[in-house]
Each structure stands twice: as C-alpha cells, then as structure tokens.
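This is input-v5.pdb. It holds PDB, N, CA and C atoms.
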```pdb
ATOM      1  N   GLY A   1     -15.383   2.364   5.591
ATOM      2  CA  GLY A   1     -15.901   1.004   5.574
ATOM      3  C   GLY A   1     -14.803  -0.037   5.524
ATOM      4  N   ASP A   2     -15.210  -1.262   5.443
ATOM      5  CA  ASP A   2     -14.293  -2.400   5.425
ATOM      6  C   ASP A   2     -13.722  -2.695   4.040
ATOM      7  N   LEU A   3     -14.458  -2.366   3.004
ATOM      8  CA  LEU A   3     -13.998  -2.696   1.659
ATOM      9  C   LEU A   3     -12.902  -1.746   1.193
ATOM     10  N   PRO A   4     -11.899  -2.277   0.484
ATOM     11  CA  PRO A   4     -10.818  -1.418  -0.025
ATOM     12  C   PRO A   4     -11.356  -0.266  -0.880
ATOM     13  N   GLU A   5     -12.395  -0.536  -1.659
ATOM     14  CA  GLU A   5     -12.981   0.498  -2.511
ATOM     15  C   GLU A   5     -13.578   1.638  -1.680
ATOM     16  N   GLU A   6     -14.166   1.284  -0.520
ATOM     17  CA  GLU A   6     -14.734   2.297   0.376
ATOM     18  C   GLU A   6     -13.619   3.133   0.991
ATOM     19  N   ARG A   7     -12.513   2.476   1.353
ATOM     20  CA  ARG A   7     -11.357   3.180   1.920
ATOM     21  C   ARG A   7     -10.779   4.155   0.895
ATOM     22  N   ALA A   8     -10.664   3.712  -0.348
ATOM     23  CA  ALA A   8     -10.144   4.569  -1.421
ATOM     24  C   ALA A   8     -11.017   5.804  -1.583
ATOM     25  N   GLU A   9     -12.321   5.613  -1.491
ATOM     26  CA  GLU A   9     -13.252   6.725  -1.600
ATOM     27  C   GLU A   9     -13.089   7.686  -0.421
ATOM     28  N   ASP A  10     -12.906   7.119   0.779
ATOM     29  CA  ASP A  10     -12.733   7.922   2.002
ATOM     30  C   ASP A  10     -11.517   8.836   1.923
ATOM     31  N   ILE A  11     -10.408   8.337   1.371
ATOM     32  CA  ILE A  11      -9.168   9.120   1.383
ATOM     33  C   ILE A  11      -8.987  10.006   0.147
ATOM     34  N   THR A  12      -9.907   9.884  -0.821
ATOM     35  CA  THR A  12      -9.866  10.773  -1.974
ATOM     36  C   THR A  12     -10.421  12.119  -1.529
ATOM     37  N   SER A  13      -9.651  13.177  -1.771
ATOM     38  CA  SER A  13     -10.081  14.511  -1.348
ATOM     39  C   SER A  13      -9.832  15.516  -2.454
ATOM     40  N   THR A  14     -10.212  16.758  -2.194
ATOM     41  CA  THR A  14      -9.980  17.809  -3.189
ATOM     42  C   THR A  14      -8.482  18.085  -3.340
ATOM     43  N   GLY A  15      -7.680  17.603  -2.411
ATOM     44  CA  GLY A  15      -6.243  17.835  -2.452
ATOM     45  C   GLY A  15      -5.476  16.880  -3.346
ATOM     46  N   VAL A  16      -6.144  15.878  -3.901
ATOM     47  CA  VAL A  16      -5.440  14.938  -4.775
ATOM     48  C   VAL A  16      -5.878  15.127  -6.219
ATOM     49  N   LEU A  17      -4.943  14.909  -7.119
ATOM     50  CA  LEU A  17      -5.175  15.127  -8.546
ATOM     51  C   LEU A  17      -6.133  14.090  -9.137
ATOM     52  N   TYR A  18      -5.948  12.827  -8.746
ATOM     53  CA  TYR A  18      -6.780  11.744  -9.264
ATOM     54  C   TYR A  18      -7.438  11.004  -8.113
ATOM     55  N   ASP A  19      -8.587  10.416  -8.377
ATOM     56  CA  ASP A  19      -9.240   9.584  -7.365
ATOM     57  C   ASP A  19      -8.388   8.337  -7.136
ATOM     58  N   TYR A  20      -8.392   7.850  -5.899
ATOM     59  CA  TYR A  20      -7.679   6.605  -5.612
ATOM     60  C   TYR A  20      -8.455   5.448  -6.196
ATOM     61  N   LYS A  21      -7.733   4.489  -6.738
ATOM     62  CA  LYS A  21      -8.343   3.324  -7.370
ATOM     63  C   LYS A  21      -7.669   2.087  -6.793
ATOM     64  N   VAL A  22      -8.450   1.104  -6.389
ATOM     65  CA  VAL A  22      -7.899  -0.127  -5.835
ATOM     66  C   VAL A  22      -7.364  -0.985  -6.983
ATOM     67  N   GLU A  23      -6.060  -1.261  -6.941
ATOM     68  CA  GLU A  23      -5.415  -2.069  -7.970
ATOM     69  C   GLU A  23      -5.175  -3.497  -7.487
ATOM     70  N   TYR A  24      -5.146  -3.666  -6.166
ATOM     71  CA  TYR A  24      -4.827  -4.966  -5.583
ATOM     72  C   TYR A  24      -5.219  -4.916  -4.110
ATOM     73  N   SER A  25      -5.782  -5.985  -3.616
ATOM     74  CA  SER A  25      -6.077  -6.039  -2.181
ATOM     75  C   SER A  25      -5.943  -7.467  -1.676
ATOM     76  N   LYS A  26      -5.660  -7.562  -0.406
ATOM     77  CA  LYS A  26      -5.492  -8.866   0.239
ATOM     78  C   LYS A  26      -5.840  -8.688   1.715
ATOM     79  N   LYS A  27      -6.514  -9.676   2.275
ATOM     80  CA  LYS A  27      -6.899  -9.604   3.693
ATOM     81  C   LYS A  27      -5.790 -10.154   4.586
ATOM     82  N   PHE A  28      -5.553  -9.467   5.716
ATOM     83  CA  PHE A  28      -4.564  -9.896   6.692
ATOM     84  C   PHE A  28      -5.145  -9.799   8.088
ATOM     85  N   LYS A  29      -4.669 -10.674   8.962
ATOM     86  CA  LYS A  29      -5.103 -10.620  10.366
ATOM     87  C   LYS A  29      -4.524  -9.383  11.044
ATOM     88  N   ASP A  30      -3.247  -9.141  10.839
ATOM     89  CA  ASP A  30      -2.562  -8.020  11.494
ATOM     90  C   ASP A  30      -2.139  -6.987  10.443
ATOM     91  N   ALA A  31      -3.120  -6.409   9.786
ATOM     92  CA  ALA A  31      -2.862  -5.518   8.648
ATOM     93  C   ALA A  31      -1.958  -4.337   8.995
ATOM     94  N   GLU A  32      -2.136  -3.769  10.181
ATOM     95  CA  GLU A  32      -1.348  -2.591  10.572
ATOM     96  C   GLU A  32       0.144  -2.911  10.620
ATOM     97  N   ASN A  33       0.495  -4.016  11.225
ATOM     98  CA  ASN A  33       1.884  -4.455  11.338
ATOM     99  C   ASN A  33       2.461  -4.795   9.958
ATOM    100  N   ILE A  34       1.683  -5.461   9.143
ATOM    101  CA  ILE A  34       2.130  -5.847   7.805
ATOM    102  C   ILE A  34       2.347  -4.608   6.937
ATOM    103  N   GLU A  35       1.458  -3.637   7.075
ATOM    104  CA  GLU A  35       1.608  -2.377   6.341
ATOM    105  C   GLU A  35       2.933  -1.708   6.701
ATOM    106  N   LYS A  36       3.269  -1.712   7.994
ATOM    107  CA  LYS A  36       4.547  -1.129   8.445
ATOM    108  C   LYS A  36       5.731  -1.850   7.814
ATOM    109  N   GLN A  37       5.681  -3.189   7.761
ATOM    110  CA  GLN A  37       6.763  -3.981   7.161
ATOM    111  C   GLN A  37       6.937  -3.642   5.684
ATOM    112  N   ILE A  38       5.815  -3.527   4.982
ATOM    113  CA  ILE A  38       5.848  -3.214   3.547
ATOM    114  C   ILE A  38       6.424  -1.814   3.331
ATOM    115  N   HIS A  39       5.977  -0.851   4.136
ATOM    116  CA  HIS A  39       6.494   0.517   4.020
ATOM    117  C   HIS A  39       7.997   0.558   4.292
ATOM    118  N   LYS A  40       8.435  -0.188   5.293
ATOM    119  CA  LYS A  40       9.860  -0.222   5.636
ATOM    120  C   LYS A  40      10.669  -0.827   4.486
ATOM    121  N   HIS A  41      10.164  -1.914   3.917
ATOM    122  CA  HIS A  41      10.845  -2.598   2.820
ATOM    123  C   HIS A  41      11.031  -1.671   1.612
ATOM    124  N   PHE A  42      10.023  -0.850   1.326
ATOM    125  CA  PHE A  42      10.069   0.022   0.150
ATOM    126  C   PHE A  42      10.434   1.471   0.486
ATOM    127  N   ASP A  43      11.002   1.669   1.665
ATOM    128  CA  ASP A  43      11.332   3.013   2.159
ATOM    129  C   ASP A  43      12.121   3.868   1.169
ATOM    130  N   LYS A  44      13.092   3.267   0.496
ATOM    131  CA  LYS A  44      13.940   4.056  -0.416
ATOM    132  C   LYS A  44      13.186   4.519  -1.668
ATOM    133  N   PHE A  45      11.969   4.012  -1.861
ATOM    134  CA  PHE A  45      11.170   4.405  -3.020
ATOM    135  C   PHE A  45      10.111   5.459  -2.669
ATOM    136  N   ARG A  46      10.149   5.945  -1.421
ATOM    137  CA  ARG A  46       9.165   6.964  -1.015
ATOM    138  C   ARG A  46       9.366   8.247  -1.813
ATOM    139  N   VAL A  47       8.242   8.878  -2.160
ATOM    140  CA  VAL A  47       8.277  10.164  -2.848
ATOM    141  C   VAL A  47       8.805  11.219  -1.874
ATOM    142  N   LYS A  48       8.281  11.194  -0.635
ATOM    143  CA  LYS A  48       8.747  12.063   0.453
ATOM    144  C   LYS A  48       8.815  11.215   1.708
ATOM    145  N   LYS A  49       9.770  11.519   2.568
ATOM    146  CA  LYS A  49      10.009  10.726   3.777
ATOM    147  C   LYS A  49       8.765  10.470   4.631
ATOM    148  N   ASN A  50       7.908  11.480   4.773
ATOM    149  CA  ASN A  50       6.770  11.340   5.675
ATOM    150  C   ASN A  50       5.451  11.013   4.959
ATOM    151  N   LYS A  51       5.538  10.628   3.696
ATOM    152  CA  LYS A  51       4.324  10.323   2.925
ATOM    153  C   LYS A  51       4.283   8.855   2.529
ATOM    154  N   GLU A  52       3.074   8.352   2.346
ATOM    155  CA  GLU A  52       2.896   6.950   1.949
ATOM    156  C   GLU A  52       2.675   6.825   0.448
ATOM    157  N   PHE A  53       3.554   7.474  -0.310
ATOM    158  CA  PHE A  53       3.528   7.375  -1.763
ATOM    159  C   PHE A  53       4.896   6.867  -2.206
ATOM    160  N   PHE A  54       4.893   5.926  -3.146
ATOM    161  CA  PHE A  54       6.134   5.272  -3.557
ATOM    162  C   PHE A  54       6.253   5.277  -5.071
ATOM    163  N   THR A  55       7.473   5.504  -5.556
ATOM    164  CA  THR A  55       7.717   5.449  -7.002
ATOM    165  C   THR A  55       8.330   4.094  -7.330
ATOM    166  N   ILE A  56       7.469   3.146  -7.533
ATOM    167  CA  ILE A  56       7.891   1.775  -7.855
ATOM    168  C   ILE A  56       6.737   1.100  -8.584
ATOM    169  N   LYS A  57       7.066   0.180  -9.461
ATOM    170  CA  LYS A  57       6.008  -0.520 -10.205
ATOM    171  C   LYS A  57       5.133  -1.337  -9.258
ATOM    172  N   LEU A  58       3.841  -1.272  -9.482
ATOM    173  CA  LEU A  58       2.864  -1.992  -8.668
ATOM    174  C   LEU A  58       3.201  -3.488  -8.596
ATOM    175  N   GLU A  59       3.657  -4.037  -9.709
ATOM    176  CA  GLU A  59       3.988  -5.471  -9.765
ATOM    177  C   GLU A  59       5.021  -5.856  -8.698
ATOM    178  N   LYS A  60       5.987  -4.967  -8.470
ATOM    179  CA  LYS A  60       7.036  -5.233  -7.477
ATOM    180  C   LYS A  60       6.455  -5.313  -6.067
ATOM    181  N   ILE A  61       5.492  -4.454  -5.786
ATOM    182  CA  ILE A  61       4.863  -4.445  -4.466
ATOM    183  C   ILE A  61       4.017  -5.705  -4.281
ATOM    184  N   ILE A  62       3.239  -6.049  -5.297
ATOM    185  CA  ILE A  62       2.411  -7.252  -5.233
ATOM    186  C   ILE A  62       3.296  -8.488  -5.076
ATOM    187  N   GLU A  63       4.371  -8.534  -5.837
ATOM    188  CA  GLU A  63       5.339  -9.636  -5.779
ATOM    189  C   GLU A  63       5.864  -9.812  -4.349
ATOM    190  N   TYR A  64       6.237  -8.708  -3.737
ATOM    191  CA  TYR A  64       6.763  -8.734  -2.369
ATOM    192  C   TYR A  64       5.712  -9.244  -1.389
ATOM    193  N   ILE A  65       4.509  -8.725  -1.489
ATOM    194  CA  ILE A  65       3.426  -9.137  -0.592
ATOM    195  C   ILE A  65       3.132 -10.627  -0.751
ATOM    196  N   GLU A  66       3.064 -11.074  -1.995
ATOM    197  CA  GLU A  66       2.762 -12.489  -2.269
ATOM    198  C   GLU A  66       3.894 -13.431  -1.829
ATOM    199  N   SER A  67       5.118 -12.910  -1.791
ATOM    200  CA  SER A  67       6.263 -13.758  -1.430
ATOM    201  C   SER A  67       6.361 -13.953   0.095
ATOM    202  N   LYS A  68       5.655 -13.122   0.851
ATOM    203  CA  LYS A  68       5.712 -13.206   2.314
ATOM    204  C   LYS A  68       4.628 -14.147   2.829
ATOM    205  N   ASP A  69       4.910 -14.809   3.924
ATOM    206  CA  ASP A  69       3.905 -15.646   4.569
ATOM    207  C   ASP A  69       3.466 -14.933   5.852
ATOM    208  N   TYR A  70       2.372 -14.226   5.775
ATOM    209  CA  TYR A  70       1.934 -13.388   6.889
ATOM    210  C   TYR A  70       0.943 -14.075   7.831
ATOM    211  N   ASN A  71       0.612 -15.322   7.610
ATOM    212  CA  ASN A  71      -0.427 -15.951   8.434
ATOM    213  C   ASN A  71       0.046 -16.594   9.694
TER     214      ASN A  71
END
```
Output the file's structure in the form of structure tokens.
Amino acid sequence: GDLPEERAEDITSTGVLYDYKVEYSKKFKDAENIEKQIHKHFDKFRVKKNKEFFTIKLEKIIEYIESKDYN
C-alpha cells in the first residue's frame, strides 16, 4: 500500500527477528532518487554492502533528510 505502515507490514517476514516499525516518514515527489541519495550519504554505516540496514542513530538520518531541500 501507500502508507509507510503498510509497507513495513509488507516487508516484515519470517526471516526478520523483529517486525518493522515506522519511526519517521516524509512524502517526496521523487522518492526513489532521494532514497538513493540517502543510501549513498550513509554508505559507510551499512551493516553489509548489499543490504539496506545501517548502524547509525535514527536522529542523524532524520537530521540529514530535514536539512535537504528535495522539492
């Protein structure tokens, strides 16, 4: 679905230890491109090179997103 909570439910599987929980969300026109920029910015914090998991405080990610003008 369109809601972040629905997406979290969709990607939660038997392969993950905890259910995904939405901690922060923001709407973007070009979400795919912005997601790539955010992943690139935090690349050195990836748990594994090919995974979208990062070891960094959530506040830092929110701070970065809020500091950008994506419109």
Exercise for the section: With the file shown as input, list the residues that the PyMOL selection byres ((chain A and resi 20) around 6.5) selects, as a list in words. Expected result: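 Evaluating the PyMOL selection byres ((chain A and resi 20) around 6.5) on this file yields Ala8, Glu9, Ile11, Thr12, Tyr18, Asp19, Lys21 and Val22 of chain A.
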Exercise for the section: Give me, please, the distance in Å between atom C of Lys44 (chain A) and atom N of Leu3 (chain A), quoted to one decimal. Expected result: 28.9 Å
Problem - Between atom C of Phe42 (chain A) and atom N of Thr55 (chain A), distance in Å (one decimal) - result: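 Straight-line distance from atom C of Phe42 (chain A) to atom N of Thr55 (chain A) works out to 7.8 Å.
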As lines of an AutoDock Vina configuration file, please: the centre and edge lengths in Å, to one decimal, of an axis-aligned box enclosing every listed atom of region 54-71 of chain A with 8 Å added on each side.
```
center_x = 4.0
center_y = -5.3
center_z = -0.3
size_x = 24.8
size_y = 38.5
size_z = 35.9
```
Which residues, written as a short mmCIF file (atom, residue, chain, number, x, y, z; two decimals) with N, CA and C atoms, in the coordinates of the input, have at least one atom at most 12 Å from His39 (chain A), with only C-alpha atoms counted and residues fewer than 3 positions away on the same chain left out?
```
data_model
loop_
_atom_site.label_atom_id
_atom_site.label_comp_id
_atom_site.auth_asym_id
_atom_site.auth_seq_id
_atom_site.Cartn_x
_atom_site.Cartn_y
_atom_site.Cartn_z
N GLU A 32 -2.14 -3.77 10.18
CA GLU A 32 -1.35 -2.59 10.57
C GLU A 32 0.14 -2.91 10.62
N ASN A 33 0.50 -4.02 11.22
CA ASN A 33 1.88 -4.46 11.34
C ASN A 33 2.46 -4.80 9.96
N ILE A 34 1.68 -5.46 9.14
CA ILE A 34 2.13 -5.85 7.80
C ILE A 34 2.35 -4.61 6.94
N GLU A 35 1.46 -3.64 7.08
CA GLU A 35 1.61 -2.38 6.34
C GLU A 35 2.93 -1.71 6.70
N LYS A 36 3.27 -1.71 7.99
CA LYS A 36 4.55 -1.13 8.44
C LYS A 36 5.73 -1.85 7.81
N PHE A 42 10.02 -0.85 1.33
CA PHE A 42 10.07 0.02 0.15
C PHE A 42 10.43 1.47 0.49
N ASP A 43 11.00 1.67 1.66
CA ASP A 43 11.33 3.01 2.16
C ASP A 43 12.12 3.87 1.17
N LYS A 44 13.09 3.27 0.50
CA LYS A 44 13.94 4.06 -0.42
C LYS A 44 13.19 4.52 -1.67
N PHE A 45 11.97 4.01 -1.86
CA PHE A 45 11.17 4.40 -3.02
C PHE A 45 10.11 5.46 -2.67
N ARG A 46 10.15 5.94 -1.42
CA ARG A 46 9.16 6.96 -1.01
C ARG A 46 9.37 8.25 -1.81
N VAL A 47 8.24 8.88 -2.16
CA VAL A 47 8.28 10.16 -2.85
C VAL A 47 8.80 11.22 -1.87
N LYS A 49 9.77 11.52 2.57
CA LYS A 49 10.01 10.73 3.78
C LYS A 49 8.76 10.47 4.63
N ASN A 50 7.91 11.48 4.77
CA ASN A 50 6.77 11.34 5.68
C ASN A 50 5.45 11.01 4.96
N LYS A 51 5.54 10.63 3.70
CA LYS A 51 4.32 10.32 2.92
C LYS A 51 4.28 8.86 2.53
N GLU A 52 3.07 8.35 2.35
CA GLU A 52 2.90 6.95 1.95
C GLU A 52 2.68 6.82 0.45
N PHE A 53 3.55 7.47 -0.31
CA PHE A 53 3.53 7.38 -1.76
C PHE A 53 4.90 6.87 -2.21
N PHE A 54 4.89 5.93 -3.15
CA PHE A 54 6.13 5.27 -3.56
C PHE A 54 6.25 5.28 -5.07
N ILE A 61 5.49 -4.45 -5.79
CA ILE A 61 4.86 -4.44 -4.47
C ILE A 61 4.02 -5.70 -4.28
N TYR A 64 6.24 -8.71 -3.74
CA TYR A 64 6.76 -8.73 -2.37
C TYR A 64 5.71 -9.24 -1.39
N ILE A 65 4.51 -8.72 -1.49
CA ILE A 65 3.43 -9.14 -0.59
C ILE A 65 3.13 -10.63 -0.75
#
```
Problem - Distance of atom N of Glu6 (chain A) from atom C of Ile62 (chain A), expressed in Å to one decimal place - result: 20.5 Å
Practice task
Apply DSSP to the backbone of this structure and, from chain A, keep only the residues in helix (DSSP H, G or I); write these as a PyMOL selection string.
Solution key: chain A and resi 4-11+31-41+43-45+58-67
